[in-house]
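coords03.txt (compact mmCIF, C-alpha atoms) appears below.
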```
# COMPACT_ATOMS: atom_id res chain seq x y z
CA MET A 1 113.80 11.95 99.95
CA THR A 2 111.52 8.95 99.29
CA HIS A 3 112.73 6.52 96.67
CA GLU A 4 110.10 3.78 96.55
CA SER A 5 108.76 5.81 93.63
CA PRO A 6 110.34 9.00 92.27
CA ARG A 7 110.07 11.98 94.61
CA ALA A 8 107.53 14.67 94.07
CA GLU A 9 105.51 17.73 95.18
CA MET A 10 106.14 20.33 92.50
CA LYS A 11 105.30 24.01 92.55
CA ARG A 12 105.04 25.87 89.30
CA GLN A 13 107.86 28.28 88.56
CA THR A 14 107.33 31.62 86.88
CA PRO A 15 109.19 31.68 83.55
CA LYS A 16 112.07 34.12 83.56
CA PRO A 17 112.87 36.39 80.63
CA LYS A 18 115.58 35.03 78.39
CA ALA A 19 119.00 36.54 78.94
CA GLU A 20 120.80 38.13 76.04
CA ALA A 21 123.06 35.75 74.18
CA LYS A 22 126.68 36.06 75.18
CA SER A 23 129.45 36.35 72.66
CA GLU A 24 131.29 33.13 71.93
CA LYS A 25 134.58 32.48 73.64
CA SER A 26 137.67 31.83 71.60
CA GLN A 27 139.20 28.35 71.57
CA ALA A 28 142.10 29.74 73.60
CA GLU A 29 139.67 31.00 76.26
CA LEU A 30 137.77 27.70 76.27
CA ARG A 31 141.02 25.79 76.64
CA VAL A 32 142.11 27.97 79.58
CA ALA A 33 138.71 27.45 81.23
CA LEU A 34 138.89 23.66 80.80
CA GLU A 35 142.47 23.58 82.09
CA HIS A 36 141.31 25.57 85.12
CA ARG A 37 138.49 23.08 85.79
CA LEU A 38 140.98 20.24 85.53
CA SER A 39 143.44 21.95 87.89
CA THR A 40 140.71 22.61 90.48
CA LEU A 41 139.67 18.95 90.31
CA LYS A 42 143.21 17.71 91.03
CA PRO A 43 143.26 18.65 94.76
CA THR A 44 139.97 16.77 95.21
CA VAL A 45 141.49 13.68 93.59
CA ASP A 46 144.66 14.02 95.69
CA THR A 47 142.62 14.32 98.90
CA ALA A 48 140.56 11.24 98.04
CA LEU A 49 143.72 9.24 97.32
CA ALA A 50 145.32 10.40 100.58
CA GLU A 51 142.22 9.41 102.55
CA TYR A 52 142.27 5.99 100.92
CA SER A 53 145.95 5.51 101.76
CA GLN A 54 145.29 6.43 105.38
CA ALA A 55 142.38 4.01 105.49
CA LEU A 56 144.56 1.22 104.11
CA ALA A 57 147.21 1.93 106.73
CA GLY A 58 144.63 1.72 109.50
CA ASN A 59 141.80 -0.72 110.11
CA THR A 60 139.08 1.24 108.31
CA PHE A 61 138.33 -1.61 105.94
CA GLU A 62 138.03 -4.23 108.66
CA ASP A 63 134.64 -5.16 110.08
CA LYS A 64 134.10 -3.58 113.49
CA GLU A 65 132.37 -5.21 116.43
CA SER A 66 128.58 -5.30 116.07
CA GLU A 67 128.85 -4.49 112.35
CA PRO A 68 127.37 -6.86 109.76
CA GLU A 69 129.91 -8.99 107.95
CA GLY A 70 131.29 -7.21 104.89
CA SER A 71 130.84 -3.66 106.24
CA GLY A 72 134.55 -2.92 106.00
CA GLU A 73 134.72 -4.25 102.47
CA LYS A 74 131.77 -2.03 101.53
CA ARG A 75 133.60 1.02 102.91
CA GLN A 76 136.59 0.12 100.77
CA THR A 77 134.45 -0.34 97.65
CA ASP A 78 132.67 2.97 98.26
CA MET A 79 135.99 4.84 98.54
CA GLN A 80 137.35 3.11 95.44
CA ASN A 81 134.26 4.07 93.44
CA LYS A 82 134.48 7.66 94.61
CA ILE A 83 138.10 7.82 93.43
CA ARG A 84 137.24 6.13 90.14
CA VAL A 85 134.53 8.70 89.34
CA LEU A 86 136.90 11.59 90.05
CA VAL A 87 139.77 10.07 88.06
CA GLU A 88 137.56 9.27 85.07
CA ARG A 89 136.23 12.83 85.07
CA ALA A 90 139.78 14.24 85.14
CA GLU A 91 140.96 11.83 82.44
CA GLY A 92 138.05 12.86 80.24
CA MET A 93 139.04 16.52 80.54
CA ARG A 94 142.66 15.65 79.78
CA ARG A 95 141.66 13.63 76.70
CA GLN A 96 139.63 16.55 75.43
CA LEU A 97 142.54 18.94 75.92
CA ASP A 98 145.04 16.58 74.27
CA SER A 99 142.81 15.66 71.32
CA GLY A 100 143.36 18.98 69.57
CA GLU A 101 139.66 19.09 68.68
CA ASP A 102 137.61 22.23 69.16
CA ILE A 103 136.19 22.60 72.66
CA PRO A 104 132.39 23.14 72.58
CA GLN A 105 130.98 26.56 73.40
CA THR A 106 129.47 25.87 76.82
CA PRO A 107 129.17 27.92 80.01
CA ASP A 108 131.63 27.11 82.75
CA ASP A 109 130.61 25.44 86.00
CA GLU A 110 130.29 28.68 87.95
CA GLU A 111 128.16 30.32 85.27
CA LEU A 112 125.82 27.33 85.07
CA SER A 113 125.55 27.06 88.86
CA GLN A 114 124.47 30.68 89.07
CA ALA A 115 121.96 30.28 86.24
CA ASN A 116 120.34 27.23 87.86
CA GLU A 117 120.66 28.17 91.54
CA ALA A 118 117.12 29.50 92.06
CA PHE A 119 115.54 26.52 90.30
CA MET A 120 117.63 23.95 92.16
CA LEU A 121 117.07 25.56 95.57
CA GLY A 122 113.34 25.77 94.83
CA THR A 123 113.33 22.08 93.97
CA PHE A 124 115.22 21.06 97.10
CA LYS A 125 113.33 23.29 99.52
CA ASP A 126 109.81 23.70 98.15
CA SER A 127 109.36 20.39 96.34
CA TRP A 128 111.43 18.01 98.46
CA GLY A 129 111.36 19.71 101.87
CA TRP A 130 115.10 20.14 102.40
CA ASP A 131 116.63 22.60 104.82
CA THR A 132 118.57 24.70 102.30
CA THR A 133 120.18 27.05 104.81
CA ASN A 134 123.70 27.84 103.54
CA LEU A 135 123.23 25.38 100.66
CA LYS A 136 124.79 26.49 97.38
CA PRO A 137 124.23 23.74 94.80
CA GLU A 138 127.25 23.20 92.55
CA GLY A 139 126.78 22.26 88.91
CA HIS A 140 129.49 20.56 86.84
CA VAL A 141 129.66 20.14 83.07
CA VAL A 142 130.12 16.43 82.34
CA THR A 143 129.14 14.60 79.15
CA PRO A 144 127.11 11.46 79.90
CA GLN A 145 129.55 9.41 77.82
CA MET A 146 132.23 10.22 80.42
CA GLN A 147 130.17 8.87 83.31
CA ASN A 148 130.42 5.44 84.92
CA TYR A 149 126.92 5.08 86.34
CA GLU A 150 127.62 1.91 88.30
CA ALA A 151 130.50 3.67 90.07
CA LEU A 152 128.30 6.71 90.68
CA SER A 153 125.68 4.48 92.27
CA GLN A 154 128.22 3.61 94.99
CA ASP A 155 129.60 7.13 95.42
CA VAL A 156 127.92 8.62 98.51
CA ASP A 157 129.01 11.94 100.02
CA ALA A 158 126.55 13.86 102.20
CA THR A 159 128.89 16.86 102.32
CA LYS A 160 128.14 17.43 98.62
CA ARG A 161 124.34 17.27 98.79
CA GLY A 162 122.74 19.20 95.97
CA GLU A 163 125.70 18.71 93.61
CA TYR A 164 124.64 18.01 90.03
CA THR A 165 125.97 17.52 86.51
CA LEU A 166 124.89 18.99 83.17
CA ASN A 167 125.43 17.70 79.66
CA PRO A 168 127.39 20.39 77.76
CA GLU A 169 125.88 19.23 74.46
CA THR A 170 122.32 20.12 75.49
CA GLN A 171 122.84 23.63 76.85
CA GLY A 172 121.05 26.33 74.86
CA LEU A 173 119.01 24.01 72.62
CA ASP A 174 115.58 25.05 71.34
CA PHE A 175 113.48 22.58 73.32
CA GLU A 176 110.24 23.91 71.88
CA THR A 177 111.06 22.58 68.41
CA LEU A 178 113.17 19.47 69.11
CA ARG A 179 111.21 16.23 68.86
CA ALA A 180 111.09 14.03 71.94
CA PHE A 181 111.99 10.36 71.51
CA VAL A 182 111.14 7.71 74.10
CA PRO A 183 113.04 4.43 73.56
CA ASP A 184 111.42 1.12 74.46
CA LEU A 185 113.23 -0.04 77.59
CA SER A 186 110.65 -2.60 78.73
CA ALA A 187 113.20 -5.42 78.42
CA LEU A 188 115.18 -3.76 81.23
CA ASN A 189 112.34 -3.65 83.78
CA GLY A 190 113.69 -4.76 87.16
CA LYS A 191 117.29 -3.89 86.31
CA PRO A 192 119.18 -1.31 88.42
CA VAL A 193 118.61 2.27 87.29
CA HIS A 194 122.36 2.74 86.78
CA GLU A 195 122.40 -0.17 84.32
CA VAL A 196 119.46 1.25 82.35
CA ILE A 197 120.97 4.74 82.15
CA GLN A 198 124.34 3.32 81.04
CA HIS A 199 122.52 1.33 78.34
CA VAL A 200 120.71 4.45 77.12
CA VAL A 201 123.90 6.50 76.92
CA ASP A 202 125.86 3.73 75.18
CA THR A 203 123.06 2.82 72.76
CA TYR A 204 121.55 6.18 71.83
CA GLY A 205 124.20 8.76 72.70
CA ASN A 206 125.59 9.10 69.17
CA ASN A 207 122.24 9.63 67.45
CA TYR A 208 120.18 11.54 70.00
CA HIS A 209 120.64 14.45 72.39
CA ILE A 210 120.66 13.28 76.02
CA PRO A 211 118.90 16.05 77.99
CA GLY A 212 119.26 16.58 81.70
CA ILE A 213 118.35 19.20 84.28
CA GLU A 214 118.13 21.98 81.68
CA TYR A 215 115.27 20.13 79.93
CA TRP A 216 113.67 19.18 83.27
CA LYS A 217 113.73 22.87 84.18
CA TRP A 218 112.30 23.95 80.81
CA LEU A 219 109.36 21.54 81.07
CA ILE A 220 108.54 22.56 84.63
CA GLU A 221 108.70 26.27 83.84
CA ASN A 222 106.58 25.82 80.69
CA PRO A 223 103.74 23.46 81.66
CA GLY A 224 101.56 24.68 78.79
CA LYS A 225 104.00 23.58 76.11
CA ASN A 226 103.82 20.16 74.46
CA PRO A 227 107.14 18.97 73.02
CA PRO A 228 106.69 17.55 69.51
CA GLY A 229 107.25 13.86 68.96
CA SER A 230 106.36 11.37 71.69
CA ASN A 231 103.60 12.19 74.17
CA ILE A 232 105.30 12.54 77.53
CA LYS A 233 102.23 13.82 79.38
CA ASP A 234 100.76 10.36 79.93
CA GLY A 235 101.35 9.99 83.68
CA ASN A 236 104.50 7.88 83.47
CA TYR A 237 107.76 8.98 85.10
CA TYR A 238 110.11 10.51 82.53
CA PHE A 239 113.82 10.54 83.31
CA PHE A 240 116.41 13.01 82.02
CA PRO A 241 119.67 11.02 81.91
CA GLY A 242 121.88 13.91 80.83
CA SER A 243 122.20 14.85 84.51
CA VAL A 244 122.66 13.25 87.89
CA LEU A 245 122.20 15.00 91.23
CA ARG A 246 123.04 14.22 94.83
CA ASP A 247 120.14 13.95 97.25
CA GLU A 248 120.08 15.09 100.87
CA VAL A 249 122.21 12.18 102.09
CA GLY A 250 124.67 12.34 99.20
CA ASN A 251 123.44 9.57 96.89
CA TRP A 252 123.46 10.18 93.14
CA ASN A 253 120.01 10.29 91.51
CA VAL A 254 118.60 10.75 88.01
CA PRO A 255 116.03 13.60 87.79
CA CYS A 256 112.57 12.82 86.49
CA ALA A 257 109.07 14.27 86.27
CA ASP A 258 105.51 13.04 85.84
CA TRP A 259 102.59 15.04 84.43
CA ARG A 260 99.79 15.76 86.92
CA GLY A 261 97.13 17.24 84.65
CA THR A 262 98.16 20.89 84.91
CA GLU A 263 101.78 20.76 86.02
CA TRP A 264 104.88 18.61 86.23
CA ARG A 265 105.83 16.98 89.51
CA ARG A 266 109.56 16.90 90.20
CA GLY A 267 111.17 13.64 91.14
CA ALA A 268 114.45 11.74 91.21
CA SER A 269 115.48 8.13 91.68
CA TRP A 270 118.55 6.54 93.18
CA LEU A 271 120.85 4.89 90.68
CA THR A 272 120.59 1.77 92.86
CA ASN A 273 116.79 1.53 92.57
CA ASP A 274 115.10 -0.93 90.24
CA TRP A 275 113.73 0.25 86.89
CA ASN A 276 109.92 0.08 86.95
CA SER A 277 107.42 -0.57 84.15
CA PHE A 278 106.12 3.01 84.42
CA TYR A 279 109.60 4.56 84.03
CA ARG A 280 110.59 6.15 80.74
CA VAL A 281 113.59 8.05 79.35
CA VAL A 282 113.31 11.18 77.21
CA LEU A 283 115.82 11.81 74.44
CA LEU A 284 115.74 14.52 71.77
CA GLU A 285 116.17 14.00 68.05
CA LYS A 286 119.24 15.63 66.52
```

For this file, write the structure as structure tokens.
Amino acid sequence: MTHESPRAEMKRQTPKPKAEAKSEKSQAELRVALEHRLSTLKPTVDTALAEYSQALAGNTFEDKESEPEGSGEKRQTDMQNKIRVLVERAEGMRRQLDSGEDIPQTPDDEELSQANEAFMLGTFKDSWGWDTTNLKPEGHVVTPQMQNYEALSQDVDATKRGEYTLNPETQGLDFETLRAFVPDLSALNGKPVHEVIQHVVDTYGNNYHIPGIEYWKWLIENPGKNPPGSNIKDGNYYFFPGSVLRDEVGNWNVPCADWRGTEWRRGASWLTNDWNSFYRVVLLEK
């Protein structure tokens, strides 16, 4: 995946007929589903903590011969950031369960992964040239406000290539009628992408929808539609910060697209890249 500018080569997808709306789950069912997601996350956290303890006991975090100075420290920081992301995700689920507030009606991870599998595999294989043999991309419901984008920028895991997140608040929205809003981020040109995305979430998250892969997918599958509001078919790269996805080597990226006259080209940028003057973010008015 090339990251000097956001990655590309898009092939138009044939729109699929809309599935029938499913009946809403009860709060009891939603709570059970969220508790299950939390319980399945715990072994991953435990494994990461055990690996870190083993690394501390050994010499994993020491520079080895022929390595640049600081290599061991970087390994330690990478492992710490990986643990931090997992712990923050688990703590967010626990806070939601303990708050007593209603849990939003959103599909579970497995349901979303199945719904997006064809699109994601098409993106990885046909647009970005991956070998997708035996690849089954896993989607996870995570609100952007729960993410630590700086920590994600240091979390690299090639064994989880194709993993992605979805904003539960933007599933099932009517994208054809919602007005697009493009904030002025020119003051952040040259800053790391993770810093820009964190700024967007912190600054605009309460007043605007933060779309992700679901909106990316809708635009690509409906090239003839023009979202009301801001013109996003002007050739700039438009990012969808409601999602992040792991590339082929396991780095987290933010998905984006740029209009090529008749179709959208799919792209993504590392969270560690610099924000360019031709980068934009798309939000949706509530």

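With CA of Thr40 (chain A) on one side and CA of His209 (chain A) on the other, the separation reads 28.2 Å.
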
Handout entry: Answer as a ChimeraX atom specification, residues within 12 Å of (127.8, 2.9, 88.6) using all atoms listed in the file
Key = /A:77-78,80-82,84-85,146-156,192-199,244,251-253,270-273

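With distances restricted to all atoms listed in the file, A:Glu111 is the closest residue to Val141 (chain A) from A:Glu111, A:Asp174, A:Glu29, A:Asp63.
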
Using only C-alpha atoms, which protein or nucleic acid residues come within 9 Å of Arg94 (chain A)? Drop anything in the same chain fewer than 3 positions from it, and give the result as a short mmCIF file (atom, residue, chain, number, x, y, z; two decimals) with C-alpha atoms, in the frame of the given file.
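Now in part34.cif:
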```cif
data_model
loop_
_atom_site.label_atom_id
_atom_site.label_comp_id
_atom_site.auth_asym_id
_atom_site.auth_seq_id
_atom_site.Cartn_x
_atom_site.Cartn_y
_atom_site.Cartn_z
CA LEU A 34 138.89 23.66 80.80
CA GLU A 35 142.47 23.58 82.09
CA LEU A 38 140.98 20.24 85.53
CA ARG A 89 136.23 12.83 85.07
CA ALA A 90 139.78 14.24 85.14
CA GLU A 91 140.96 11.83 82.44
CA LEU A 97 142.54 18.94 75.92
CA ASP A 98 145.04 16.58 74.27
CA SER A 99 142.81 15.66 71.32
#
```

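One finds CA of Glu67 (chain A) at 17.4 Å from CA of Ala55 (chain A).
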
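Put simply, CA of Arg161 (chain A) is 5.0 Å away from CA of Gly250 (chain A).
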
Handout entry: A:Thr177, A:Gln76, A:Asn236, A:Asn134 ranked by distance to Leu284 (chain A), top pick (using all atoms listed in the file)
Key = A:Thr177

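Compared by their closest atoms to Met93 (chain A), and using all atoms listed in the file, the residues A:Lys42, A:Trp259, A:Asp202, A:Asp131 rank with A:Lys42 nearest.
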
Kindly complete region 146-165 of chain A to N, CA and C atoms; the output should be written as a PDB file, in the coordinates of the input.
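File produced: rebuild25.pdb:
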```
ATOM      1  N   MET A 146     131.084  10.272  79.511  1.00  0.00           N
ATOM      2  CA  MET A 146     132.230  10.220  80.420  1.00  0.00           C
ATOM      3  C   MET A 146     131.888   9.584  81.761  1.00  0.00           C
ATOM      4  N   GLN A 147     130.597   9.348  82.005  1.00  0.00           N
ATOM      5  CA  GLN A 147     130.170   8.870  83.310  1.00  0.00           C
ATOM      6  C   GLN A 147     130.222   7.342  83.402  1.00  0.00           C
ATOM      7  N   ASN A 148     130.536   6.863  84.589  1.00  0.00           N
ATOM      8  CA  ASN A 148     130.420   5.440  84.920  1.00  0.00           C
ATOM      9  C   ASN A 148     129.290   5.353  85.944  1.00  0.00           C
ATOM     10  N   TYR A 149     128.098   4.982  85.485  1.00  0.00           N
ATOM     11  CA  TYR A 149     126.920   5.080  86.340  1.00  0.00           C
ATOM     12  C   TYR A 149     126.913   4.042  87.460  1.00  0.00           C
ATOM     13  N   GLU A 150     127.517   2.900  87.218  1.00  0.00           N
ATOM     14  CA  GLU A 150     127.620   1.910  88.300  1.00  0.00           C
ATOM     15  C   GLU A 150     128.501   2.448  89.418  1.00  0.00           C
ATOM     16  N   ALA A 151     129.618   3.076  89.055  1.00  0.00           N
ATOM     17  CA  ALA A 151     130.500   3.670  90.070  1.00  0.00           C
ATOM     18  C   ALA A 151     129.785   4.808  90.797  1.00  0.00           C
ATOM     19  N   LEU A 152     129.045   5.622  90.053  1.00  0.00           N
ATOM     20  CA  LEU A 152     128.300   6.710  90.680  1.00  0.00           C
ATOM     21  C   LEU A 152     127.281   6.181  91.682  1.00  0.00           C
ATOM     22  N   SER A 153     126.699   5.029  91.379  1.00  0.00           N
ATOM     23  CA  SER A 153     125.680   4.480  92.270  1.00  0.00           C
ATOM     24  C   SER A 153     126.243   4.125  93.646  1.00  0.00           C
ATOM     25  N   GLN A 154     127.561   3.950  93.726  1.00  0.00           N
ATOM     26  CA  GLN A 154     128.220   3.610  94.990  1.00  0.00           C
ATOM     27  C   GLN A 154     128.944   4.797  95.615  1.00  0.00           C
ATOM     28  N   ASP A 155     128.899   5.929  94.945  1.00  0.00           N
ATOM     29  CA  ASP A 155     129.600   7.130  95.420  1.00  0.00           C
ATOM     30  C   ASP A 155     128.641   7.959  96.266  1.00  0.00           C
ATOM     31  N   VAL A 156     128.808   7.925  97.573  1.00  0.00           N
ATOM     32  CA  VAL A 156     127.920   8.620  98.510  1.00  0.00           C
ATOM     33  C   VAL A 156     128.729   9.634  99.305  1.00  0.00           C
ATOM     34  N   ASP A 157     128.286  10.891  99.293  1.00  0.00           N
ATOM     35  CA  ASP A 157     129.010  11.940 100.020  1.00  0.00           C
ATOM     36  C   ASP A 157     128.012  13.010 100.446  1.00  0.00           C
ATOM     37  N   ALA A 158     127.567  12.936 101.700  1.00  0.00           N
ATOM     38  CA  ALA A 158     126.550  13.860 102.200  1.00  0.00           C
ATOM     39  C   ALA A 158     127.047  15.301 102.249  1.00  0.00           C
ATOM     40  N   THR A 159     128.363  15.499 102.274  1.00  0.00           N
ATOM     41  CA  THR A 159     128.890  16.860 102.320  1.00  0.00           C
ATOM     42  C   THR A 159     128.695  17.585 100.988  1.00  0.00           C
ATOM     43  N   LYS A 160     128.337  16.834  99.941  1.00  0.00           N
ATOM     44  CA  LYS A 160     128.140  17.430  98.620  1.00  0.00           C
ATOM     45  C   LYS A 160     126.684  17.376  98.175  1.00  0.00           C
ATOM     46  N   ARG A 161     125.761  17.336  99.146  1.00  0.00           N
ATOM     47  CA  ARG A 161     124.340  17.270  98.790  1.00  0.00           C
ATOM     48  C   ARG A 161     123.973  18.433  97.877  1.00  0.00           C
ATOM     49  N   GLY A 162     123.142  18.167  96.917  1.00  0.00           N
ATOM     50  CA  GLY A 162     122.740  19.200  95.970  1.00  0.00           C
ATOM     51  C   GLY A 162     123.648  19.338  94.769  1.00  0.00           C
ATOM     52  N   GLU A 163     124.797  18.667  94.760  1.00  0.00           N
ATOM     53  CA  GLU A 163     125.700  18.710  93.610  1.00  0.00           C
ATOM     54  C   GLU A 163     125.001  18.074  92.409  1.00  0.00           C
ATOM     55  N   TYR A 164     125.276  18.577  91.221  1.00  0.00           N
ATOM     56  CA  TYR A 164     124.640  18.010  90.030  1.00  0.00           C
ATOM     57  C   TYR A 164     125.531  18.178  88.815  1.00  0.00           C
ATOM     58  N   THR A 165     125.214  17.423  87.763  1.00  0.00           N
ATOM     59  CA  THR A 165     125.970  17.520  86.510  1.00  0.00           C
ATOM     60  C   THR A 165     125.039  17.964  85.390  1.00  0.00           C
TER      61      THR A 165
END
```
